[in-house]
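Q: Input query_29.json, format and content: JSON, C-alpha atoms and all ligand atoms.
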[["chain", "number", "residue", "atom", "x", "y", "z"],
["U", 1018, "MET", "CA", 0.00, 0.00, 0.00],
["U", 1019, "GLU", "CA", 1.60, 3.23, -1.08],
["U", 1020, "ARG", "CA", 0.68, 6.78, -2.06],
["U", 1021, "VAL", "CA", 1.00, 7.86, -5.72],
["U", 1022, "MET", "CA", 1.81, 11.55, -6.14],
["U", 1023, "ILE", "CA", 1.55, 13.07, -9.59],
["U", 1024, "THR", "CA", 2.78, 16.65, -9.54],
["U", 1025, "GLU", "CA", 2.39, 19.18, -12.35],
["U", 1026, "VAL", "CA", 2.95, 16.61, -15.04],
["U", 1027, "GLU", "CA", 3.01, 17.58, -18.72],
["U", 1028, "LYS", "CA", 3.16, 15.25, -21.70],
["U", 1029, "THR", "CA", 3.94, 16.62, -25.14],
["U", 1030, "PHE", "CA", 4.45, 14.39, -28.18],
["U", 1031, "PRO", "CA", 6.46, 15.71, -31.12],
["U", 1032, "ASN", "CA", 4.58, 15.63, -34.42],
["U", 1033, "LYS", "CA", 7.34, 15.21, -36.99],
["U", 1034, "GLU", "CA", 5.02, 15.33, -40.03],
["U", 1035, "LYS", "CA", 3.50, 18.71, -39.19],
["U", 1036, "ASN", "CA", 6.68, 19.90, -37.54],
["U", 1037, "GLN", "CA", 4.78, 20.88, -34.42],
["U", 1038, "SER", "CA", 4.26, 19.25, -31.05],
["U", 1039, "PHE", "CA", 1.06, 18.10, -29.41],
["U", 1040, "THR", "CA", 0.42, 18.53, -25.68],
["U", 1041, "VAL", "CA", -1.87, 15.85, -24.27],
["U", 1042, "PHE", "CA", -2.05, 17.47, -20.82],
["U", 1043, "LYS", "CA", -0.06, 19.83, -18.65],
["U", 1044, "ASP", "CA", 0.04, 20.95, -14.99],
["U", 1045, "LEU", "CA", -1.73, 17.72, -14.10],
["U", 1046, "SER", "CA", -1.57, 16.95, -10.37],
["U", 1047, "LEU", "CA", -3.26, 14.09, -8.56],
["U", 1048, "THR", "CA", -2.62, 12.19, -5.34],
["U", 1049, "VAL", "CA", -3.89, 8.64, -4.94],
["U", 1050, "GLU", "CA", -3.93, 7.78, -1.25],
["U", 1051, "PRO", "CA", -2.56, 4.48, 0.09],
["U", 1052, "GLY", "CA", -5.15, 1.75, -0.45],
["U", 1053, "GLU", "CA", -7.38, 4.01, -2.51],
["U", 1054, "PHE", "CA", -9.15, 2.85, -5.71],
["U", 1055, "VAL", "CA", -9.09, 5.67, -8.25],
["U", 1056, "SER", "CA", -10.44, 5.53, -11.81],
["U", 1057, "LEU", "CA", -9.31, 7.69, -14.70],
["U", 1058, "LEU", "CA", -12.35, 8.26, -16.90],
["U", 1059, "GLY", "CA", -12.55, 10.26, -20.10],
["U", 1060, "PRO", "CA", -13.15, 10.31, -23.85],
["U", 1061, "SER", "CA", -10.88, 8.49, -26.26],
["U", 1062, "GLY", "CA", -7.59, 10.30, -26.69],
["U", 1063, "CYS", "CA", -7.71, 12.43, -23.52],
["U", 1064, "GLY", "CA", -4.53, 10.82, -22.23],
["U", 1065, "LYS", "CA", -5.68, 8.21, -19.69],
["U", 1066, "SER", "CA", -3.26, 5.55, -20.95],
["U", 1067, "THR", "CA", -0.49, 8.11, -21.36],
["U", 1068, "LEU", "CA", -0.83, 9.12, -17.70],
["U", 1069, "LEU", "CA", -0.96, 5.49, -16.54],
["U", 1070, "ASN", "CA", 2.13, 4.67, -18.63],
["U", 1071, "ILE", "CA", 4.01, 7.57, -17.05],
["U", 1072, "VAL", "CA", 3.15, 6.24, -13.57],
["U", 1073, "ALA", "CA", 4.19, 2.75, -14.75],
["U", 1074, "GLY", "CA", 7.52, 4.19, -15.95],
["U", 1075, "LEU", "CA", 6.81, 2.92, -19.48],
["U", 1076, "ASP", "CA", 6.69, 6.48, -20.80],
["U", 1077, "GLN", "CA", 8.45, 9.66, -19.64],
["U", 1078, "SER", "CA", 6.68, 12.90, -18.81],
["U", 1079, "THR", "CA", 7.88, 16.06, -20.55],
["U", 1080, "SER", "CA", 7.95, 17.82, -17.19],
["U", 1081, "GLY", "CA", 6.68, 17.31, -13.66],
["U", 1082, "LYS", "CA", 7.19, 14.49, -11.23],
["U", 1083, "VAL", "CA", 5.59, 11.18, -10.25],
["U", 1084, "LYS", "CA", 6.35, 9.55, -6.92],
["U", 1085, "VAL", "CA", 5.26, 6.19, -5.52],
["U", 1086, "GLY", "CA", 5.91, 6.43, -1.81],
["U", 1087, "ASP", "CA", 9.31, 8.09, -1.56],
["U", 1088, "THR", "CA", 10.53, 6.89, -4.95],
["U", 1089, "THR", "CA", 10.56, 9.20, -7.97],
["U", 1090, "ILE", "CA", 9.47, 7.20, -11.01],
["U", 1091, "LYS", "CA", 11.86, 7.07, -13.93],
["U", 1092, "GLU", "CA", 11.42, 3.51, -15.20],
["U", 1093, "PRO", "CA", 9.27, 0.40, -14.66],
["U", 1094, "GLY", "CA", 9.73, -1.33, -11.31],
["U", 1095, "SER", "CA", 8.35, -4.21, -9.27],
["U", 1096, "ASP", "CA", 6.65, -1.71, -6.93],
["U", 1097, "ARG", "CA", 4.05, -1.20, -9.72],
["U", 1098, "GLY", "CA", 2.12, -4.08, -11.26],
["U", 1099, "VAL", "CA", 0.50, -3.34, -14.62],
["U", 1100, "VAL", "CA", -2.51, -5.06, -16.21],
["U", 1101, "PHE", "CA", -3.43, -4.19, -19.81],
["U", 1102, "GLN", "CA", -6.50, -4.88, -21.95],
["U", 1103, "GLU", "CA", -4.72, -7.88, -23.46],
["U", 1104, "ALA", "CA", -3.41, -10.48, -21.02],
["U", 1105, "ALA", "CA", -0.32, -11.16, -23.21],
["U", 1106, "LEU", "CA", 0.33, -14.62, -21.74],
["U", 1107, "MET", "CA", 3.05, -16.85, -23.12],
["U", 1108, "PRO", "CA", 1.16, -19.54, -25.06],
["U", 1109, "TRP", "CA", 3.81, -22.23, -24.53],
["U", 1110, "LEU", "CA", 3.67, -21.91, -20.73],
["U", 1111, "THR", "CA", 0.95, -23.16, -18.38],
["U", 1112, "VAL", "CA", -1.04, -20.78, -16.20],
["U", 1113, "LEU", "CA", 1.25, -21.55, -13.25],
["U", 1114, "GLU", "CA", 4.42, -21.15, -15.33],
["U", 1115, "ASN", "CA", 3.18, -17.84, -16.74],
["U", 1116, "VAL", "CA", 2.85, -16.43, -13.23],
["U", 1117, "MET", "CA", 6.09, -18.03, -12.02],
["U", 1118, "PHE", "CA", 7.91, -16.39, -14.94],
["U", 1119, "ALA", "CA", 7.13, -12.95, -13.51],
["U", 1120, "ILE", "CA", 8.37, -13.77, -10.02],
["U", 1121, "ASN", "CA", 11.79, -12.62, -8.87],
["U", 1122, "LYS", "CA", 14.33, -15.07, -10.27],
["U", 1123, "LYS", "CA", 16.16, -15.06, -6.94],
["U", 1124, "MET", "CA", 13.29, -17.03, -5.41],
["U", 1125, "LYS", "CA", 13.79, -20.81, -5.28],
["U", 1126, "LYS", "CA", 11.62, -22.78, -7.73],
["U", 1127, "GLU", "CA", 9.49, -24.49, -5.07],
["U", 1128, "GLU", "CA", 8.95, -21.20, -3.26],
["U", 1129, "ALA", "CA", 8.04, -19.44, -6.52],
["U", 1130, "LYS", "CA", 5.55, -22.21, -7.28],
["U", 1131, "GLU", "CA", 3.92, -21.77, -3.88],
["U", 1132, "HIS", "CA", 3.88, -18.00, -4.30],
["U", 1133, "ALA", "CA", 2.33, -18.16, -7.79],
["U", 1134, "THR", "CA", -0.25, -20.71, -6.60],
["U", 1135, "LYS", "CA", -1.27, -18.38, -3.77],
["U", 1136, "TYR", "CA", -2.11, -15.58, -6.21],
["U", 1137, "LEU", "CA", -3.82, -17.89, -8.68],
["U", 1138, "LYS", "CA", -5.96, -19.08, -5.78],
["U", 1139, "LEU", "CA", -6.79, -15.45, -4.98],
["U", 1140, "VAL", "CA", -8.17, -15.00, -8.51],
["U", 1141, "HIS", "CA", -10.01, -18.35, -8.22],
["U", 1142, "LEU", "CA", -7.95, -20.24, -10.79],
["U", 1143, "SER", "CA", -6.67, -23.09, -8.56],
["U", 1144, "LYS", "CA", -8.27, -25.63, -10.88],
["U", 1145, "PHE", "CA", -6.47, -24.33, -13.95],
["U", 1146, "LEU", "CA", -2.84, -24.21, -12.81],
["U", 1147, "HIS", "CA", -1.73, -26.64, -15.49],
["U", 1148, "SER", "CA", -3.94, -25.38, -18.31],
["U", 1149, "TYR", "CA", -2.49, -23.54, -21.29],
["U", 1150, "PRO", "CA", -3.70, -20.04, -22.30],
["U", 1151, "HIS", "CA", -5.60, -21.34, -25.36],
["U", 1152, "GLU", "CA", -7.72, -23.46, -23.01],
["U", 1153, "LEU", "CA", -8.92, -20.39, -21.07],
["U", 1154, "SER", "CA", -11.72, -17.89, -21.68],
["U", 1155, "GLY", "CA", -10.92, -14.18, -22.10],
["U", 1156, "GLY", "CA", -11.96, -13.47, -18.50],
["U", 1157, "MET", "CA", -9.78, -16.27, -17.16],
["U", 1158, "LYS", "CA", -6.78, -14.97, -19.12],
["U", 1159, "GLN", "CA", -7.29, -11.55, -17.54],
["U", 1160, "ARG", "CA", -7.41, -13.19, -14.10],
["U", 1161, "VAL", "CA", -4.04, -14.83, -14.84],
["U", 1162, "ALA", "CA", -2.71, -11.40, -15.85],
["U", 1163, "ILE", "CA", -3.96, -9.95, -12.55],
["U", 1164, "ALA", "CA", -2.37, -12.83, -10.59],
["U", 1165, "ARG", "CA", 0.88, -12.28, -12.50],
["U", 1166, "ALA", "CA", 0.89, -8.57, -11.63],
["U", 1167, "LEU", "CA", 0.07, -9.28, -7.96],
["U", 1168, "SER", "CA", 2.70, -12.02, -7.66],
["U", 1169, "MET", "CA", 5.45, -9.38, -7.78],
["U", 1170, "ASP", "CA", 3.81, -8.00, -4.64],
["U", 1171, "PRO", "CA", 3.61, -4.46, -6.06],
["U", 1172, "LYS", "CA", 2.68, -1.54, -3.84],
["U", 1173, "VAL", "CA", 0.43, -0.19, -6.55],
["U", 1174, "LEU", "CA", -1.70, -1.90, -9.18],
["U", 1175, "LEU", "CA", -2.10, -0.03, -12.48],
["U", 1176, "MET", "CA", -4.91, -1.30, -14.71],
["U", 1177, "ASP", "CA", -5.46, -0.02, -18.25],
["U", 1178, "GLU", "CA", -8.98, -0.95, -19.40],
["U", 1179, "PRO", "CA", -8.41, -4.49, -18.14],
["U", 1180, "PHE", "CA", -11.96, -5.58, -18.98],
["U", 1181, "GLY", "CA", -12.39, -3.50, -22.15],
["U", 1182, "ALA", "CA", -12.29, -6.48, -24.50],
["U", 1183, "LEU", "CA", -14.62, -8.72, -22.49],
["U", 1184, "ASP", "CA", -18.32, -9.39, -22.87],
["U", 1185, "GLU", "CA", -20.77, -7.86, -20.40],
["U", 1186, "GLN", "CA", -21.29, -10.98, -18.24],
["U", 1187, "THR", "CA", -17.58, -11.66, -17.88],
["U", 1188, "ARG", "CA", -16.97, -8.02, -17.14],
["U", 1189, "MET", "CA", -19.56, -8.09, -14.32],
["U", 1190, "MET", "CA", -17.92, -11.19, -12.86],
["U", 1191, "LEU", "CA", -14.50, -9.56, -12.96],
["U", 1192, "HIS", "CA", -15.85, -6.43, -11.28],
["U", 1193, "LYS", "CA", -16.69, -8.63, -8.30],
["U", 1194, "GLU", "CA", -13.31, -10.32, -8.56],
["U", 1195, "VAL", "CA", -11.36, -7.06, -8.60],
["U", 1196, "GLN", "CA", -13.32, -5.70, -5.61],
["U", 1197, "TYR", "CA", -12.53, -8.88, -3.70],
["U", 1198, "ILE", "CA", -8.83, -8.63, -4.61],
["U", 1199, "TRP", "CA", -8.71, -4.99, -3.63],
["U", 1200, "GLU", "CA", -10.34, -5.70, -0.26],
["U", 1201, "GLU", "CA", -8.06, -8.72, 0.36],
["U", 1202, "THR", "CA", -4.75, -7.13, -0.69],
["U", 1203, "LYS", "CA", -5.49, -3.48, 0.22],
["U", 1204, "LYS", "CA", -3.50, -2.37, -2.85],
["U", 1205, "THR", "CA", -3.57, 1.18, -4.13],
["U", 1206, "ILE", "CA", -5.27, 0.89, -7.53],
["U", 1207, "LEU", "CA", -5.23, 3.30, -10.49],
["U", 1208, "PHE", "CA", -7.73, 2.07, -13.06],
["U", 1209, "VAL", "CA", -8.28, 3.39, -16.60],
["U", 1210, "THR", "CA", -11.73, 3.03, -18.11],
["U", 1211, "HIS", "CA", -14.15, 4.80, -20.40],
["U", 1212, "ASN", "CA", -17.10, 3.04, -18.84],
["U", 1213, "ILE", "CA", -18.96, 5.28, -16.36],
["U", 1214, "ARG", "CA", -20.81, 2.44, -14.66],
["U", 1215, "GLU", "CA", -17.59, 0.49, -14.15],
["U", 1216, "SER", "CA", -15.93, 3.51, -12.58],
["U", 1217, "ILE", "CA", -18.85, 4.08, -10.14],
["U", 1218, "LEU", "CA", -19.05, 0.39, -9.23],
["U", 1219, "LEU", "CA", -15.39, 0.16, -8.30],
["U", 1220, "SER", "CA", -13.90, 3.49, -7.28],
["U", 1221, "ASP", "CA", -13.42, 5.58, -4.19],
["U", 1222, "ARG", "CA", -12.84, 8.52, -6.52],
["U", 1223, "ILE", "CA", -13.36, 9.09, -10.23],
["U", 1224, "VAL", "CA", -11.03, 11.46, -12.04],
["U", 1225, "LEU", "CA", -12.84, 12.79, -15.11],
["U", 1226, "MET", "CA", -10.39, 13.86, -17.79],
["U", 1227, "GLY", "CA", -11.06, 16.03, -20.84],
["U", 1228, "THR", "CA", -9.36, 17.08, -24.04],
["U", 1229, "ARG", "CA", -8.16, 20.29, -25.67],
["U", 1230, "PRO", "CA", -6.96, 21.46, -23.33],
["U", 1231, "GLY", "CA", -6.35, 18.08, -21.78],
["U", 1232, "GLY", "CA", -6.29, 17.46, -18.05],
["U", 1233, "ILE", "CA", -8.54, 16.84, -15.08],
["U", 1234, "ARG", "CA", -12.08, 18.24, -15.52],
["U", 1235, "LYS", "CA", -13.55, 17.13, -12.24],
["U", 1236, "ILE", "CA", -12.97, 14.66, -9.41],
["U", 1237, "TYR", "CA", -15.96, 12.77, -7.97],
["U", 1238, "THR", "CA", -15.90, 11.07, -4.58],
["U", 1239, "VAL", "CA", -18.12, 8.00, -4.66],
["U", 1240, "ASP", "CA", -19.67, 7.77, -1.20],
["U", 1241, "LEU", "CA", -22.02, 4.87, -1.99],
["U", 1242, "PRO", "CA", -21.71, 1.74, 0.19],
["U", 1243, "ARG", "CA", -20.26, -1.42, -1.41],
["U", 1244, "PRO", "CA", -21.36, -3.60, -3.12],
["U", 1245, "ARG", "CA", -22.89, -0.86, -5.23],
["U", 1246, "VAL", "CA", -26.26, -1.19, -6.87],
["U", 1247, "PRO", "CA", -26.52, 0.35, -10.37],
["U", 1248, "ALA", "CA", -30.31, 0.55, -10.04],
["U", 1249, "SER", "CA", -30.16, 2.72, -6.91],
["U", 1250, "PRO", "CA", -31.27, 6.38, -7.30],
["U", 1251, "GLU", "CA", -27.89, 7.65, -5.97],
["U", 1252, "PHE", "CA", -25.98, 5.54, -8.51],
["U", 1253, "ILE", "CA", -28.19, 6.74, -11.38],
["U", 1254, "GLN", "CA", -27.85, 10.37, -10.28],
["U", 1255, "LEU", "CA", -24.05, 10.18, -10.21],
["U", 1256, "GLU", "CA", -24.04, 8.44, -13.58],
["U", 1257, "GLN", "CA", -26.11, 11.28, -15.04],
["U", 1258, "ASP", "CA", -23.94, 13.97, -13.42],
["U", 1259, "ILE", "CA", -20.82, 12.45, -14.94],
["U", 1260, "MET", "CA", -22.46, 11.92, -18.32],
["U", 1261, "ALA", "CA", -23.52, 15.57, -18.47],
["U", 1262, "ILE", "CA", -19.85, 16.62, -18.47],
["U", 1263, "LEU", "CA", -18.41, 13.63, -20.31],
["U", 1264, "GLY", "CA", -21.01, 14.02, -23.08],
["U", 1265, "GLY", "CA", -19.66, 17.52, -23.78],
["U", 1266, "GLU", "CA", -16.09, 16.20, -23.87],
["U", 1267, "ILE", "CA", -17.07, 13.45, -26.32],
["U", 1268, "GLU", "CA", -18.76, 16.02, -28.57],
["U", 1269, "LYS", "CA", -15.55, 18.06, -28.62],
["U", 1270, "VAL", "CA", -13.57, 15.00, -29.72],
["U", 1271, "MET", "CA", -16.16, 14.09, -32.36],
["U", 1272, "LYS", "CA", -16.29, 17.63, -33.75],
["U", 1273, "GLU", "CA", -12.53, 17.61, -34.12],
["U", 1274, "GLU", "CA", -12.41, 14.16, -35.70],
["U", 1275, "MET", "CA", -15.40, 14.58, -38.02],
["U", 1276, "GLY", "CA", -15.05, 18.27, -38.95],
["U", 1277, "ASP", "CA", -17.95, 19.37, -41.23],
["U", 1278, "ASP", "CA", -19.62, 15.97, -41.00],
["U", 1279, "PHE", "CA", -20.38, 16.51, -37.36],
["U", 1280, "ASN", "CA", -24.09, 16.76, -36.73],
["U", 1281, "SER", "CA", -24.49, 18.12, -33.23],
["U", 1282, "GLN", "CA", -28.17, 17.23, -33.03],
["U", 1283, "LYS", "CA", -27.43, 13.62, -33.85],
["U", 1284, "ALA", "CA", -24.53, 13.57, -31.45],
["U", 1285, "SER", "CA", -26.53, 14.94, -28.55],
["U", 1286, "LEU", "CA", -29.09, 12.20, -29.15],
["U", 1287, "LEU", "CA", -26.35, 9.61, -29.18],
["U", 1288, "TYR", "CA", -24.18, 11.04, -26.46],
["U", 1289, "GLY", "CA", -26.63, 13.02, -24.35],
["U", 1290, "THR", "CA", -27.74, 11.98, -20.90],
["U", 1291, "ASP", "CA", -28.97, 8.58, -22.11],
["U", 1292, "ARG", "CA", -28.34, 6.21, -19.24],
["U", 1293, "ASN", "CA", -27.33, 3.36, -21.53],
["U", 1294, "MET", "CA", -24.20, 5.32, -22.28],
["U", 1295, "GLY", "CA", -22.99, 4.22, -18.88],
["U", 1296, "ASN", "CA", -22.53, 0.74, -20.27],
["U", 1297, "HIS", "CA", -19.82, 1.64, -22.65],
["U", 1298, "ILE", "CA", -18.75, 4.75, -24.45],
["Q", 1301, "LIG", "N1", 3.62, 7.63, -28.93],
["Q", 1301, "LIG", "C1", 2.79, 8.61, -29.29],
["Q", 1301, "LIG", "N2", 3.15, 9.53, -30.21],
["Q", 1301, "LIG", "C2", 2.32, 10.53, -30.56],
["Q", 1301, "LIG", "N3", 1.09, 10.72, -30.03],
["Q", 1301, "LIG", "C3", 0.68, 9.83, -29.12],
["Q", 1301, "LIG", "C4", 1.49, 8.72, -28.70],
["Q", 1301, "LIG", "N4", 0.81, 8.01, -27.75],
["Q", 1301, "LIG", "C5", -0.38, 8.64, -27.61],
["Q", 1301, "LIG", "N5", -0.46, 9.72, -28.42],
["Q", 1301, "LIG", "C6", -1.58, 10.64, -28.52],
["Q", 1301, "LIG", "O1", -1.84, 11.15, -27.22],
["Q", 1301, "LIG", "C7", -3.24, 11.28, -26.99],
["Q", 1301, "LIG", "C8", -3.62, 10.51, -25.77],
["Q", 1301, "LIG", "O2", -3.54, 9.13, -26.04],
["Q", 1301, "LIG", "P1", -3.98, 8.04, -24.96],
["Q", 1301, "LIG", "O3", -3.83, 6.70, -25.59],
["Q", 1301, "LIG", "O4", -3.27, 8.29, -23.70],
["Q", 1301, "LIG", "O5", -5.52, 8.38, -24.76],
["Q", 1301, "LIG", "P2", -6.64, 7.57, -23.98],
["Q", 1301, "LIG", "O6", -7.43, 8.56, -23.21],
["Q", 1301, "LIG", "O7", -6.03, 6.45, -23.23],
["Q", 1301, "LIG", "O8", -7.51, 7.00, -25.20],
["Q", 1301, "LIG", "P3", -8.32, 5.62, -25.37],
["Q", 1301, "LIG", "O9", -9.47, 5.68, -24.41],
["Q", 1301, "LIG", "O10", -8.79, 5.66, -26.81],
["Q", 1301, "LIG", "O11", -7.37, 4.50, -25.11],
["Q", 1301, "LIG", "C9", -3.92, 10.79, -28.27],
["Q", 1301, "LIG", "O12", -4.25, 11.92, -29.07],
["Q", 1301, "LIG", "C10", -2.87, 9.97, -28.95],
["Q", 1301, "LIG", "O13", -3.03, 9.98, -30.34]]
Show me the file's structure as structure tokens.
Ligand SMILES: Nc1ncnc2c1ncn2[C@@H]1O[C@H](COP(=O)(O)OP(=O)(O)OP(=O)(O)O)[C@@H](O)[C@H]1O

A:
Amino acid sequence: MERVMITEVEKTFPNKEKNQSFTVFKDLSLTVEPGEFVSLLGPSGCGKSTLLNIVAGLDQSTSGKVKVGDTTIKEPGSDRGVVFQEAALMPWLTVLENVMFAINKKMKKEEAKEHATKYLKLVHLSKFLHSYPHELSGGMKQRVAIARALSMDPKVLLMDEPFGALDEQTRMMLHKEVQYIWEETKKTILFVTHNIRESILLSDRIVLMGTRPGGIRKIYTVDLPRPRVPASPEFIQLEQDIMAILGGEIEKVMKEEMGDDFNSQKASLLYGTDRNMGNHI
């Protein structure tokens, strides 16, 4: 359990073709408290993954500072476990071997096996230790990826749309799974999503990001008791509050992408306060 401190971070990408640079966000500051579950929510292209990659040490900020505990982040490290949309398992290794592969090589084989088994048990995959990735469903592969990230005993878990490629039922099951893991391990979690309902179901706080200029639009504290009920009036109200702002951000992105083809009337029908938008944007 560790605090993540993001201080006045800027990320600018050079655009060689147009000979000009492109700033995704600047002066972005955010503190994720130890053991807190924070979601980054926002329209496509607002920089959610970029920010997560900077915290992971997979990308460098142009300026500003990121600290995990007392450590200033410059590169990837075992204090941060990362889970992506694709599990990226090694097909020639079993479930157990995939997790063991990530464990510190200094650990003795028997100990590593025990350690990996413990985390696979946590994600309810004890029965599949000797299965190969092609024998698993998409949701099970993601659970292996979560076990693999946890097996390094990171202080912080960084998750980039980990359930984005899964069907609705599997996604709902994994929401329960991730809540259980979070409660069991007390990890600090930074979670990227563009699904409003997912962010309300899971988070202590939701950081709503926008584009042009990019950065944090608003931070919501989700005070609802867990497990959260999407049909409750409080849940629906929060969903609508977020959608009211996010809808405007999505319109901005669409206008920019579609230029003259953009039909604002059509877009407001599609991206207005319709509750179904909470499912997936
Ligand atoms: N390596 C790169 N070089 C240039 N531009 C980049 C690079 N990586 C990302 N970008 C740009 O930075 C912006 C933010 O991208 P990012 O992937 O972080 O957004 P996002 O909010 O995670 O989007 P999505 O929800 O679609 O995954 C986008 O406009 C993207 O095109």

Q: Using only C-alpha atoms and all ligand atoms, can you tell me which of U:Val1209, U:Leu1137, U:Ile1236, U:Val1173 comes closest to ligand LIG 1301 (chain Q)?

A: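 Residue with the minimum atom-to-atom distance to ligand LIG 1301 (chain Q): U:Val1209.
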
Q: Write out as number ranges by chain which residues come within 10 Å of U:Arg1188 when counting only C-alpha atoms, dropping same-chain ones fewer than 4 positions away.

A: U: 1155-1156, 1179-1184, 1192-1194, 1215

Q: Output C-alpha atoms of each residue in that selection to a file, as a PDB file, in the coordinates of the input.

A:
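The new file result_10.pdb reads:
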ATOM      1  CA  GLY U1155     -10.920 -14.180 -22.100  1.00  0.00           C
ATOM      2  CA  GLY U1156     -11.960 -13.470 -18.500  1.00  0.00           C
ATOM      3  CA  PRO U1179      -8.410  -4.490 -18.140  1.00  0.00           C
ATOM      4  CA  PHE U1180     -11.960  -5.580 -18.980  1.00  0.00           C
ATOM      5  CA  GLY U1181     -12.390  -3.500 -22.150  1.00  0.00           C
ATOM      6  CA  ALA U1182     -12.290  -6.480 -24.500  1.00  0.00           C
ATOM      7  CA  LEU U1183     -14.620  -8.720 -22.490  1.00  0.00           C
ATOM      8  CA  ASP U1184     -18.320  -9.390 -22.870  1.00  0.00           C
ATOM      9  CA  HIS U1192     -15.850  -6.430 -11.280  1.00  0.00           C
ATOM     10  CA  LYS U1193     -16.690  -8.630  -8.300  1.00  0.00           C
ATOM     11  CA  GLU U1194     -13.310 -10.320  -8.560  1.00  0.00           C
ATOM     12  CA  GLU U1215     -17.590   0.490 -14.150  1.00  0.00           C
TER      13      GLU U1215
END

Q: Can you work out the spacing between atom O8 of ligand LIG 1301 (chain Q) and atom CA of U:Lys1204 in Å, to one decimal?

A: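 Atom CA of U:Lys1204 lies 24.6 Å from atom O8 of ligand LIG 1301 (chain Q).
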
Q: List every protein, DNA or RNA residue that has at least one atom no more than 8 Å from (-14.6, 5.3, -9.0) in the file's coordinates, counting all atoms listed in the file, and write the result as a list in words.

A: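 Output of the proximity query reads Phe1054, Val1055, Ser1056, Glu1215, Ser1216, Ile1217, Leu1218, Leu1219, Ser1220, Asp1221, Arg1222, Ile1223, Val1224, Tyr1237, Thr1238 and Val1239 of chain U.
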
Q: Tell me which protein, DNA and RNA residues are within 10 Å of U:Glu1178, counting all atoms listed in the file, leaving out same-chain ones fewer than 6 positions away, and put them as a CSV table (one decimal) with C-alpha atoms, keeping the file's coordinate frame.

A:
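part10.csv, freshly written:
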chain,number,residue,atom,x,y,z
U,1057,LEU,CA,-9.3,7.7,-14.7
U,1065,LYS,CA,-5.7,8.2,-19.7
U,1066,SER,CA,-3.3,5.6,-21.0
U,1100,VAL,CA,-2.5,-5.1,-16.2
U,1101,PHE,CA,-3.4,-4.2,-19.8
U,1102,GLN,CA,-6.5,-4.9,-22.0
U,1103,GLU,CA,-4.7,-7.9,-23.5
U,1208,PHE,CA,-7.7,2.1,-13.1
U,1209,VAL,CA,-8.3,3.4,-16.6
U,1210,THR,CA,-11.7,3.0,-18.1
U,1211,HIS,CA,-14.2,4.8,-20.4
U,1212,ASN,CA,-17.1,3.0,-18.8

Q: Could you list, as a ChimeraX atom specification, all protein and nucleic acid residues with an atom at most 7 Å from ligand LIG 1301 (chain Q), counting all atoms listed in the file?

A: /U:1030-1032,1041,1059-1068,1211

Q: Please, what distance in Å, to one decimal, runs between atom CA of U:Arg1214 and atom CA of U:Ile1259?

A: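 Separation of atom CA of U:Arg1214 and atom CA of U:Ile1259: 10.0 Å.
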
Q: Would you mind telling me which residue in U:Pro1150, U:Arg1229, U:Lys1122, U:His1141 lies nearest to U:Met1190 when using all atoms listed in the file?

A: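 Counting all atoms listed in the file, the residue closest to U:Met1190 is U:His1141.
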
Q: Which polymer residues have any atom within 10 Å of an atom of U:Glu1114, counting all atoms listed in the file, with same-chain residues fewer than 4 positions away left out, as a VMD selection string?

A: chain U and resid 1107 1109 to 1110 1118 to 1120 1129 to 1130 1133 to 1134 1146 to 1149 1165

Q: U:Ala1162, U:Gly1227, U:Lys1203, U:Ala1105: which is nearest U:Lys1269, counting all atoms listed in the file?

A: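 Checking each candidate against U:Lys1269, we get U:Gly1227 as the closest.
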
Q: Hey, can I get the axis-aligned box for stretch 1250-1266 of chain U? All listed atoms, 5 Å padding on each side, centre and edge lengths in Å to one decimal, as lines of an AutoDock Vina configuration file.

A:
center_x = -23.7
center_y = 11.5
center_z = -14.9
size_x = 25.2
size_y = 22.0
size_z = 27.9
